[in-house]
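First up is the structure itself, then whatever we jot down about it.
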There are 2 protein chains.
Amino acid sequence: MKIALISTGEEILAGDIVDTNSAWLAEQLHEHGLKLAWHVTVGDDMASLLDAFSLAAERSDFCIVNGGLGPTTDDLSAEAAATWLGEGMRELPEWRDKLEQYYAKLNRVMPASNIKQAMIPESAQMIDNPVGTACGFAIQHDNCQLMFTPGVPHEFKRMIHDQVIPTLLQHAQQQAPSLHRWLTIGLSESLLADLLDDLPLPSGCTLGYRSSQPTIEVKLSVPSDVSEEQLSTVKQGINQRLGGYVFVDAKLSLAAHIQQLMLARGVKLATAESCTGGMIADWLVHEAGSSAYFERGYVTYSNEAKQQDLAVPETVLAQYGAVSAEVAAAMACGASVNANTDFALATSGIAGPSGDTPNKPVGTVAFALKTPTGVYQQLLKLPNRGRTMIRKQAAAIALDMLRRYLTGVDVLADYSGVSEMKQEFIAN
Amino acid sequence: MKIALISTGEEILAGDIVDTNSAWLAEQLHEHGLKLAWHVTVGDDMASLLDAFSLAAERSDFCIVNGGLGPTTDDLSAEAAATWLGEGMRELPEWRDKLEQYYAKLNRVMPASNIKQAMIPESAQMIDNPVGTACGFAIQHDNCQLMFTPGVPHEFKRMIHDQVIPTLLQHAQQQAPSLHRWLTIGLSESLLADLLDDLPLPSGCTLGYRSSQPTIEVKLSVPSDVSEEQLSTVKQGINQRLGGYVFVDAKLSLAAHIQQLMLARGVKLATAESCTGGMIADWLVHEAGSSAYFERGYVTYSNEAKQQDLAVPETVLAQYGAVSAEVAAAMACGASVNANTDFALATSGIAGPSGDTPNKPVGTVAFALKTPTGVYQQLLKLPNRGRTMIRKQAAAIALDMLRRYLTGVDVLADYSGVSEMKQEFIAN
């Protein structure tokens, strides 16, 4: 079964908006064992739309058309569909009622132009939109069914999820494969592929990778005829090969995973950041409920701040330099004492582009994790892929140290592309 | 002149990678007065490529083909181009030399498969790639010129910028229009459009908007035949209508703009964040050189942290609550005293989804800016578009207060969609 997508809109072609719907749709289809075969983006003029419908109908069994269902004169998708089919438009009285009620609730009179949103081609079947004023519709042309969907992302996603994908699965006469995920940190995509390359997979199973730096997701798609036992063997194999680099087999972020682990233990965290400059705290606070374990954070960018706020001894700064495992350890201890927490994370590094020295090139970052039993500290050389990537990777490694401790795997790990300049544990 | 784009790759159709090249290209073309008319994404099999070449050649004068120039067996673009033209391939000896030198420098033998990257269709013209191992090439078919470019983003961008756009401009026999930008904060896109709607523009000038929350860019494209005088009148008109909501007429971020202003004054900043949780610090530290003015930051998520680290009086917390202009002011003053800085910013709010009270719904955020002459403080109700959007808008408003102070416009502004619960200035 071939599935096509038509995205409409001058703003996409002009780069004024980024088309996030299409990437999202491709991923959703893939996760349901379906595949996008062809995707065209055209302007929202009549000629381009008619051309796109014909091209898609020749190349697919199902075509999703996205955008152009709004109330303005640019929104031509429904009219173009009727023209293409050689038929007129009909009004949906139930949708007109819905629109009028919507405006009545806002105490406003419905603008005349909005009646357009209740008009679909004569032969079309309405597709409900429970979260917006643009209804979708489906038309049939030769052997292709075209499904028209709104451009507003949350309306589009809801319609795809509730109505389009079930229709597609029914026509494909297939049950959606089950999807299994491993979120990993510290291995590159090619290393992951090498590790899993020769793993025997039951017929029909496929492995995929999706990089969303600094983590990479491993996806295993499993057809419905694979037995529980076969599946469990494969999962075991993957877990064994990826070991401590896997942080969770669900769609959680690293911060959300840490929040679960910290809340389960009932322990608290403080942070002390230099080169990551608030990024670790920001990632943690991104998760609702983080206040239950994240006590406070320090962004101690200057040496004075490290001394005054975190009691880092001037002698340690002088002897080892601000970017050193020793200073990171002192920062973590200072934060943990101030905040009276069991755990504290600290970073201090050279994110560049300047500030490097012969011994400490750009990408040199010191880390420390204070735990109830002692301090894990390390000095690493991260690849220099620019200031932002260095800071992001540093924030991820810091959080991964805590994640590793809480799950009982080696805290001081070997990360792909990273060289270890120093790694040690100092017991209390 | 019609320009088409063919993106190739199963990974894009499968949603495994997000196609950032096409949105970037659309924007670049637009900024040079050119326009993408048609864009198709196809898999990298031979049949799909041949079909895409034919469709694009019928619909455009120039077609940019992206991807499929790598060394692996999936990379079929050059072979498909030769097949489509009905001709063989030829080796580029100079490119083969370059590849061999590249591997020699890495002390590795070039894999045999890589010779492929020096092969282009017989009639094709090479396009240099100074930053990678895949050379580009151009072919002519009837009235369409197709330009093949590598998929690796930084290689693609360099080739488009240095070679493709100049060729396109030359063929379009046009000078690139000049582009003028205003970065705004605090007005919605529709309010911006309303403000500028009836501004008289010289013929050929167009206004565009690009939202990149929390800022919106206003873009004015000006053909080369518009006089300096006409242009200056239009720019004046835009500046007048947008007033203090414009923060800079260049492509800087809010943080980069503030860094320039702070460094020019030689003054220093500290931050104290509750609901923004490190985001303000992170945005500032994102800019290289920020350590020259950003002294330190506090993420004081708990009341204890606010009292211990920032000396917020317990009585103020008890009387006004943590989310109050008074507590934000005390946080800013505490940070400024600790860090011995002229300026300090503070936030404290309810980012949700829980933690709200009848008087303080989700989206209520308190802000304070400590300056040498006193404290600007305000309690605002931001629209509840979710935790992340509330936190981002809060971080942006805090930075905007500082930006407004440093540029001499009203610090306590009226932001679109935001209601003011309290706004005041307390002199020292």
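In the structure tokens, the first chain shown is A, the next is B, and so on; residue numbers restart at 1 for each chain, and ligands run from 1 in the order shown.
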Query raised in the report: Which residues, written as a PyMOL selection string, have at least one atom at most 10 Å from Gln393 in chain A, with only C-alpha atoms counted and residues fewer than 6 positions away on the same chain left out?
Result: chain A and resi 185-186+213-215+276+363+365+382-383+385+399
Requested in this report: Work out how far apart CA of Trp24 in chain B and CA of Pro150 in chain B are and give it in Å to one decimal.
Outcome: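 Straight-line distance from CA of Trp24 in chain B to CA of Pro150 in chain B works out to 14.3 Å.
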Quick check for you: according to DSSP on this backbone, which residues of range 202-262 of chain B are classed as strand (DSSP E)? Reply as a PDB file with N, CA, C and O atoms, in the first residue's frame.
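Printed below is part.pdb as written:
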```pdb
ATOM      1  N   THR B 206       8.388  44.068  -0.003  1.00  0.00           N
ATOM      2  CA  THR B 206       7.419  43.210   0.689  1.00  0.00           C
ATOM      3  C   THR B 206       7.813  43.037   2.147  1.00  0.00           C
ATOM      4  O   THR B 206       8.992  43.026   2.498  1.00  0.00           O
ATOM      5  N   LEU B 207       6.792  42.914   2.986  1.00  0.00           N
ATOM      6  CA  LEU B 207       7.003  42.686   4.417  1.00  0.00           C
ATOM      7  C   LEU B 207       6.703  41.232   4.737  1.00  0.00           C
ATOM      8  O   LEU B 207       5.744  40.666   4.215  1.00  0.00           O
ATOM      9  N   GLY B 208       7.511  40.614   5.564  1.00  0.00           N
ATOM     10  CA  GLY B 208       7.237  39.250   5.993  1.00  0.00           C
ATOM     11  C   GLY B 208       7.473  39.130   7.481  1.00  0.00           C
ATOM     12  O   GLY B 208       8.101  40.005   8.098  1.00  0.00           O
ATOM     13  N   TYR B 209       6.968  38.054   8.063  1.00  0.00           N
ATOM     14  CA  TYR B 209       7.118  37.833   9.497  1.00  0.00           C
ATOM     15  C   TYR B 209       7.638  36.427   9.686  1.00  0.00           C
ATOM     16  O   TYR B 209       7.215  35.509   8.991  1.00  0.00           O
ATOM     17  N   ARG B 210       8.556  36.260  10.607  1.00  0.00           N
ATOM     18  CA  ARG B 210       9.009  34.912  10.931  1.00  0.00           C
ATOM     19  C   ARG B 210       9.028  34.774  12.439  1.00  0.00           C
ATOM     20  O   ARG B 210       9.792  35.436  13.131  1.00  0.00           O
ATOM     21  N   SER B 211       8.166  33.915  12.918  1.00  0.00           N
ATOM     22  CA  SER B 211       8.040  33.762  14.356  1.00  0.00           C
ATOM     23  C   SER B 211       9.058  32.748  14.843  1.00  0.00           C
ATOM     24  O   SER B 211       9.169  31.652  14.313  1.00  0.00           O
ATOM     25  N   SER B 212       9.854  33.143  15.817  1.00  0.00           N
ATOM     26  CA  SER B 212      10.719  32.158  16.451  1.00  0.00           C
ATOM     27  C   SER B 212      10.640  32.476  17.930  1.00  0.00           C
ATOM     28  O   SER B 212      11.419  33.235  18.478  1.00  0.00           O
ATOM     29  N   THR B 215      10.555  35.562  20.188  1.00  0.00           N
ATOM     30  CA  THR B 215      10.700  36.780  19.393  1.00  0.00           C
ATOM     31  C   THR B 215      10.098  36.578  18.002  1.00  0.00           C
ATOM     32  O   THR B 215       9.969  35.455  17.535  1.00  0.00           O
ATOM     33  N   ILE B 216       9.713  37.683  17.374  1.00  0.00           N
ATOM     34  CA  ILE B 216       9.201  37.620  16.010  1.00  0.00           C
ATOM     35  C   ILE B 216      10.018  38.574  15.154  1.00  0.00           C
ATOM     36  O   ILE B 216      10.252  39.723  15.540  1.00  0.00           O
ATOM     37  N   GLU B 217      10.474  38.068  14.024  1.00  0.00           N
ATOM     38  CA  GLU B 217      11.287  38.868  13.125  1.00  0.00           C
ATOM     39  C   GLU B 217      10.388  39.490  12.057  1.00  0.00           C
ATOM     40  O   GLU B 217       9.575  38.802  11.463  1.00  0.00           O
ATOM     41  N   VAL B 218      10.552  40.796  11.853  1.00  0.00           N
ATOM     42  CA  VAL B 218       9.882  41.479  10.746  1.00  0.00           C
ATOM     43  C   VAL B 218      10.921  41.634   9.646  1.00  0.00           C
ATOM     44  O   VAL B 218      12.025  42.100   9.900  1.00  0.00           O
ATOM     45  N   LYS B 219      10.587  41.176   8.430  1.00  0.00           N
ATOM     46  CA  LYS B 219      11.554  41.224   7.336  1.00  0.00           C
ATOM     47  C   LYS B 219      11.030  42.134   6.230  1.00  0.00           C
ATOM     48  O   LYS B 219       9.892  41.975   5.777  1.00  0.00           O
ATOM     49  N   LEU B 220      11.859  43.071   5.804  1.00  0.00           N
ATOM     50  CA  LEU B 220      11.489  43.942   4.688  1.00  0.00           C
ATOM     51  C   LEU B 220      12.434  43.639   3.538  1.00  0.00           C
ATOM     52  O   LEU B 220      13.655  43.797   3.666  1.00  0.00           O
ATOM     53  N   SER B 221      11.868  43.192   2.425  1.00  0.00           N
ATOM     54  CA  SER B 221      12.681  42.899   1.246  1.00  0.00           C
ATOM     55  C   SER B 221      12.557  44.077   0.289  1.00  0.00           C
ATOM     56  O   SER B 221      11.450  44.525  -0.025  1.00  0.00           O
ATOM     57  N   VAL B 222      13.710  44.619  -0.143  1.00  0.00           N
ATOM     58  CA  VAL B 222      13.728  45.871  -0.913  1.00  0.00           C
ATOM     59  C   VAL B 222      14.462  45.648  -2.237  1.00  0.00           C
ATOM     60  O   VAL B 222      15.662  45.345  -2.241  1.00  0.00           O
ATOM     61  N   VAL B 246      10.780  46.843  19.261  1.00  0.00           N
ATOM     62  CA  VAL B 246      11.897  46.386  18.431  1.00  0.00           C
ATOM     63  C   VAL B 246      13.123  46.311  19.299  1.00  0.00           C
ATOM     64  O   VAL B 246      13.403  47.248  20.047  1.00  0.00           O
ATOM     65  N   PHE B 247      13.875  45.233  19.247  1.00  0.00           N
ATOM     66  CA  PHE B 247      15.088  45.284  20.037  1.00  0.00           C
ATOM     67  C   PHE B 247      16.356  45.436  19.242  1.00  0.00           C
ATOM     68  O   PHE B 247      17.365  45.825  19.789  1.00  0.00           O
ATOM     69  N   VAL B 248      16.327  45.128  17.947  1.00  0.00           N
ATOM     70  CA  VAL B 248      17.554  45.356  17.190  1.00  0.00           C
ATOM     71  C   VAL B 248      17.295  45.063  15.724  1.00  0.00           C
ATOM     72  O   VAL B 248      16.519  44.169  15.397  1.00  0.00           O
TER      73      VAL B 248
END
```
Query raised in the report: Any idea what's packed within 12 Å of Val18 in chain B, counting only C-alpha atoms, ignoring anything in its chain fewer than 5 positions away? Could you give it as a PyMOL selection string?
Result: (chain A and resi 18-27+210-212) or (chain B and resi 7+9-13+23+41+151+153)
Include N, CA and C atoms and write out the residues we just selected as a PDB file, in the first residue's frame.
```
ATOM      1  N   VAL A  18       8.373  26.414   9.376  1.00  0.00           N
ATOM      2  CA  VAL A  18       9.008  25.125   9.174  1.00  0.00           C
ATOM      3  C   VAL A  18       7.919  24.064   9.260  1.00  0.00           C
ATOM      4  N   ASP A  19       7.884  23.193   8.275  1.00  0.00           N
ATOM      5  CA  ASP A  19       6.848  22.179   8.187  1.00  0.00           C
ATOM      6  C   ASP A  19       7.160  21.036   9.150  1.00  0.00           C
ATOM      7  N   THR A  20       6.658  21.147  10.372  1.00  0.00           N
ATOM      8  CA  THR A  20       6.914  20.091  11.352  1.00  0.00           C
ATOM      9  C   THR A  20       5.917  18.944  11.193  1.00  0.00           C
ATOM     10  N   ASN A  21       4.758  19.222  10.578  1.00  0.00           N
ATOM     11  CA  ASN A  21       3.750  18.168  10.427  1.00  0.00           C
ATOM     12  C   ASN A  21       4.266  16.973   9.637  1.00  0.00           C
ATOM     13  N   SER A  22       5.031  17.236   8.579  1.00  0.00           N
ATOM     14  CA  SER A  22       5.377  16.123   7.701  1.00  0.00           C
ATOM     15  C   SER A  22       6.368  15.174   8.372  1.00  0.00           C
ATOM     16  N   ALA A  23       7.344  15.714   9.095  1.00  0.00           N
ATOM     17  CA  ALA A  23       8.300  14.836   9.774  1.00  0.00           C
ATOM     18  C   ALA A  23       7.577  14.029  10.853  1.00  0.00           C
ATOM     19  N   TRP A  24       6.666  14.686  11.550  1.00  0.00           N
ATOM     20  CA  TRP A  24       5.898  13.984  12.589  1.00  0.00           C
ATOM     21  C   TRP A  24       5.065  12.859  11.973  1.00  0.00           C
ATOM     22  N   LEU A  25       4.400  13.151  10.850  1.00  0.00           N
ATOM     23  CA  LEU A  25       3.567  12.139  10.197  1.00  0.00           C
ATOM     24  C   LEU A  25       4.402  10.945   9.749  1.00  0.00           C
ATOM     25  N   ALA A  26       5.553  11.239   9.135  1.00  0.00           N
ATOM     26  CA  ALA A  26       6.411  10.152   8.646  1.00  0.00           C
ATOM     27  C   ALA A  26       6.772   9.222   9.797  1.00  0.00           C
ATOM     28  N   GLU A  27       7.126   9.808  10.928  1.00  0.00           N
ATOM     29  CA  GLU A  27       7.511   8.987  12.076  1.00  0.00           C
ATOM     30  C   GLU A  27       6.324   8.174  12.603  1.00  0.00           C
ATOM     31  N   ARG A 210      17.126   6.708  15.920  1.00  0.00           N
ATOM     32  CA  ARG A 210      16.730   8.093  15.755  1.00  0.00           C
ATOM     33  C   ARG A 210      17.565   8.939  16.697  1.00  0.00           C
ATOM     34  N   SER A 211      18.383   9.774  16.099  1.00  0.00           N
ATOM     35  CA  SER A 211      19.289  10.572  16.901  1.00  0.00           C
ATOM     36  C   SER A 211      18.585  11.843  17.337  1.00  0.00           C
ATOM     37  N   SER A 212      18.584  12.110  18.634  1.00  0.00           N
ATOM     38  CA  SER A 212      18.089  13.404  19.080  1.00  0.00           C
ATOM     39  C   SER A 212      19.070  13.814  20.157  1.00  0.00           C
TER      40      SER A 212
ATOM     41  N   SER B   7      14.355  16.370  -2.576  1.00  0.00           N
ATOM     42  CA  SER B   7      15.072  15.820  -1.419  1.00  0.00           C
ATOM     43  C   SER B   7      15.014  14.305  -1.539  1.00  0.00           C
ATOM     44  N   GLY B   9      15.932  10.368   0.068  1.00  0.00           N
ATOM     45  CA  GLY B   9      16.321   9.631   1.265  1.00  0.00           C
ATOM     46  C   GLY B   9      15.170   8.948   1.969  1.00  0.00           C
ATOM     47  N   GLU B  10      15.311   7.639   2.138  1.00  0.00           N
ATOM     48  CA  GLU B  10      14.314   6.879   2.894  1.00  0.00           C
ATOM     49  C   GLU B  10      14.208   7.380   4.325  1.00  0.00           C
ATOM     50  N   GLU B  11      15.338   7.819   4.897  1.00  0.00           N
ATOM     51  CA  GLU B  11      15.323   8.227   6.311  1.00  0.00           C
ATOM     52  C   GLU B  11      14.419   9.436   6.528  1.00  0.00           C
ATOM     53  N   ILE B  12      14.323  10.298   5.493  1.00  0.00           N
ATOM     54  CA  ILE B  12      13.426  11.459   5.635  1.00  0.00           C
ATOM     55  C   ILE B  12      11.987  10.985   5.578  1.00  0.00           C
ATOM     56  N   LEU B  13      11.676  10.127   4.602  1.00  0.00           N
ATOM     57  CA  LEU B  13      10.300   9.631   4.468  1.00  0.00           C
ATOM     58  C   LEU B  13       9.899   8.810   5.687  1.00  0.00           C
ATOM     59  N   ALA B  23      14.002  23.510   4.602  1.00  0.00           N
ATOM     60  CA  ALA B  23      13.486  24.750   5.197  1.00  0.00           C
ATOM     61  C   ALA B  23      14.551  25.837   5.124  1.00  0.00           C
ATOM     62  N   THR B  41       9.859  15.035  -2.014  1.00  0.00           N
ATOM     63  CA  THR B  41      10.770  14.156  -1.280  1.00  0.00           C
ATOM     64  C   THR B  41      10.507  12.729  -1.732  1.00  0.00           C
ATOM     65  N   GLY B 151      24.012  15.785   0.951  1.00  0.00           N
ATOM     66  CA  GLY B 151      23.007  15.839   2.010  1.00  0.00           C
ATOM     67  C   GLY B 151      23.519  16.349   3.350  1.00  0.00           C
ATOM     68  N   PRO B 153      24.430  18.611   6.065  1.00  0.00           N
ATOM     69  CA  PRO B 153      23.985  20.006   6.102  1.00  0.00           C
ATOM     70  C   PRO B 153      25.075  21.059   5.893  1.00  0.00           C
TER      71      PRO B 153
END
```
Query raised in the report: Ala176 in chain A: which residues within 8 Å, counting only C-alpha atoms, same-chain residues fewer than 2 positions away excluded, as a PyMOL selection string?
Result: chain A and resi 32-33+169+174+178+223-224
Please build the interface table for chain B against chain A with a cut-off of 8 Å, listing for each qualifying residue the nearest atom pair and the distance in Å to one decimal; count only C-alpha atoms, order rows by chain and increasing number, and write it as a tab-separated table.
```
residue	atom	partner	partner_atom	distance
B:Ile12	CA	A:Ala23	CA	7.4
B:Leu13	CA	A:Leu36	CA	5.5
B:Ala14	CA	A:Ala26	CA	5.2
B:Gly15	CA	A:Glu27	CA	4.2
B:Asp16	CA	A:Arg210	CA	5.3
B:Ile17	CA	A:Arg210	CA	6.9
B:Val18	CA	A:Ala23	CA	6.0
B:Asp19	CA	A:Ala23	CA	7.7
B:Ala23	CA	A:Gly15	CA	5.3
B:Trp24	CA	A:Gly15	CA	6.8
B:Leu25	CA	A:Gly15	CA	7.6
B:Ala26	CA	A:Gly15	CA	4.6
B:Glu27	CA	A:Gly15	CA	4.2
B:Gln28	CA	A:Gly15	CA	8.0
B:Leu29	CA	A:Ala14	CA	7.8
B:His30	CA	A:Ala14	CA	5.8
B:Lys35	CA	A:Ala14	CA	6.4
B:Leu36	CA	A:Leu13	CA	5.5
B:Ala37	CA	A:Leu13	CA	6.8
B:Trp38	CA	A:Val42	CA	5.3
B:His39	CA	A:Thr41	CA	5.0
B:Val40	CA	A:Val40	CA	4.2
B:Thr41	CA	A:His39	CA	5.0
B:Val42	CA	A:Trp38	CA	5.3
B:Gly43	CA	A:Ala37	CA	6.9
B:Gly208	CA	A:Asp16	CA	8.0
B:Tyr209	CA	A:Asp16	CA	7.1
B:Arg210	CA	A:Asp16	CA	5.5
B:Ser211	CA	A:Ile17	CA	7.8
B:Cys275	CA	A:Val285	CA	7.7
B:Thr276	CA	A:Asp282	CA	7.2
B:Gly277	CA	A:Asp282	CA	5.2
B:Gly278	CA	A:Gly278	CA	4.3
B:Met279	CA	A:Asp282	CA	5.2
B:Ile280	CA	A:Gly278	CA	7.7
B:Ala281	CA	A:Gly278	CA	5.3
B:Asp282	CA	A:Gly278	CA	4.7
B:Val285	CA	A:Gly277	CA	5.6
B:His286	CA	A:Thr388	CA	6.6
B:Ala288	CA	A:Pro353	CA	6.9
B:Ser291	CA	A:Tyr301	CA	6.6
B:Phe294	CA	A:Tyr301	CA	7.4
B:Glu295	CA	A:Ser302	CA	5.9
B:Arg296	CA	A:Thr300	CA	5.0
B:Gly297	CA	A:Val299	CA	4.5
B:Tyr298	CA	A:Tyr298	CA	4.8
B:Val299	CA	A:Gly297	CA	4.5
B:Thr300	CA	A:Arg296	CA	5.0
B:Tyr301	CA	A:Arg296	CA	5.4
B:Ser302	CA	A:Glu295	CA	5.9
B:Ala305	CA	A:Arg296	CA	6.4
B:Ala339	CA	A:Ala305	CA	7.1
B:Gly352	CA	A:Ala288	CA	6.9
B:Pro353	CA	A:Ala288	CA	6.9
B:Arg387	CA	A:His286	CA	7.5
B:Thr388	CA	A:His286	CA	6.6
```
Report task. Write out as number ranges by chain each polymer residue whose atoms come within 12 Å of Phe156 in chain A, counting only C-alpha atoms; drop sequence neighbours fewer than 2 positions from it. Result -> A: 7, 20-22, 24-25, 64-69, 127-136, 147-154, 158-165
Report task. Could you pull out the residues in range 189-240 of chain B that DSSP calls alpha helix (DSSP H) from the backbone, as a VMD selection string? Result -> chain B and resid 189 to 196 228 to 240
Query - Point-to-point distance in Å for CA of Phe343 in chain A and CA of Thr315 in chain A - result: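 Going from CA of Thr315 in chain A over to CA of Phe343 in chain A, I get 24.4 Å.
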Query raised in the report: If we count only C-alpha atoms, what is near Gln125 in chain B at a cut-off of 9 Å, once residues fewer than 3 positions away on the same chain are taken out, given as a ChimeraX atom specification?
Result: /B:120-122,136-139
Report task. Find the residue from B:Gln377, B:Ser348, B:Ser77, B:Ser232 that sits nearest to Met401 in chain B; use only C-alpha atoms when measuring. Result ->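 Going through B:Gln377, B:Ser348, B:Ser77, B:Ser232 one by one, the smallest distance to Met401 in chain B is for B:Gln377.
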Requested in this report: Could you jot down the CA of Asn428 in chain B to CA of Gln378 in chain B separation for me, Å, one decimal place?
Outcome: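 A separation of 16.6 Å between them.
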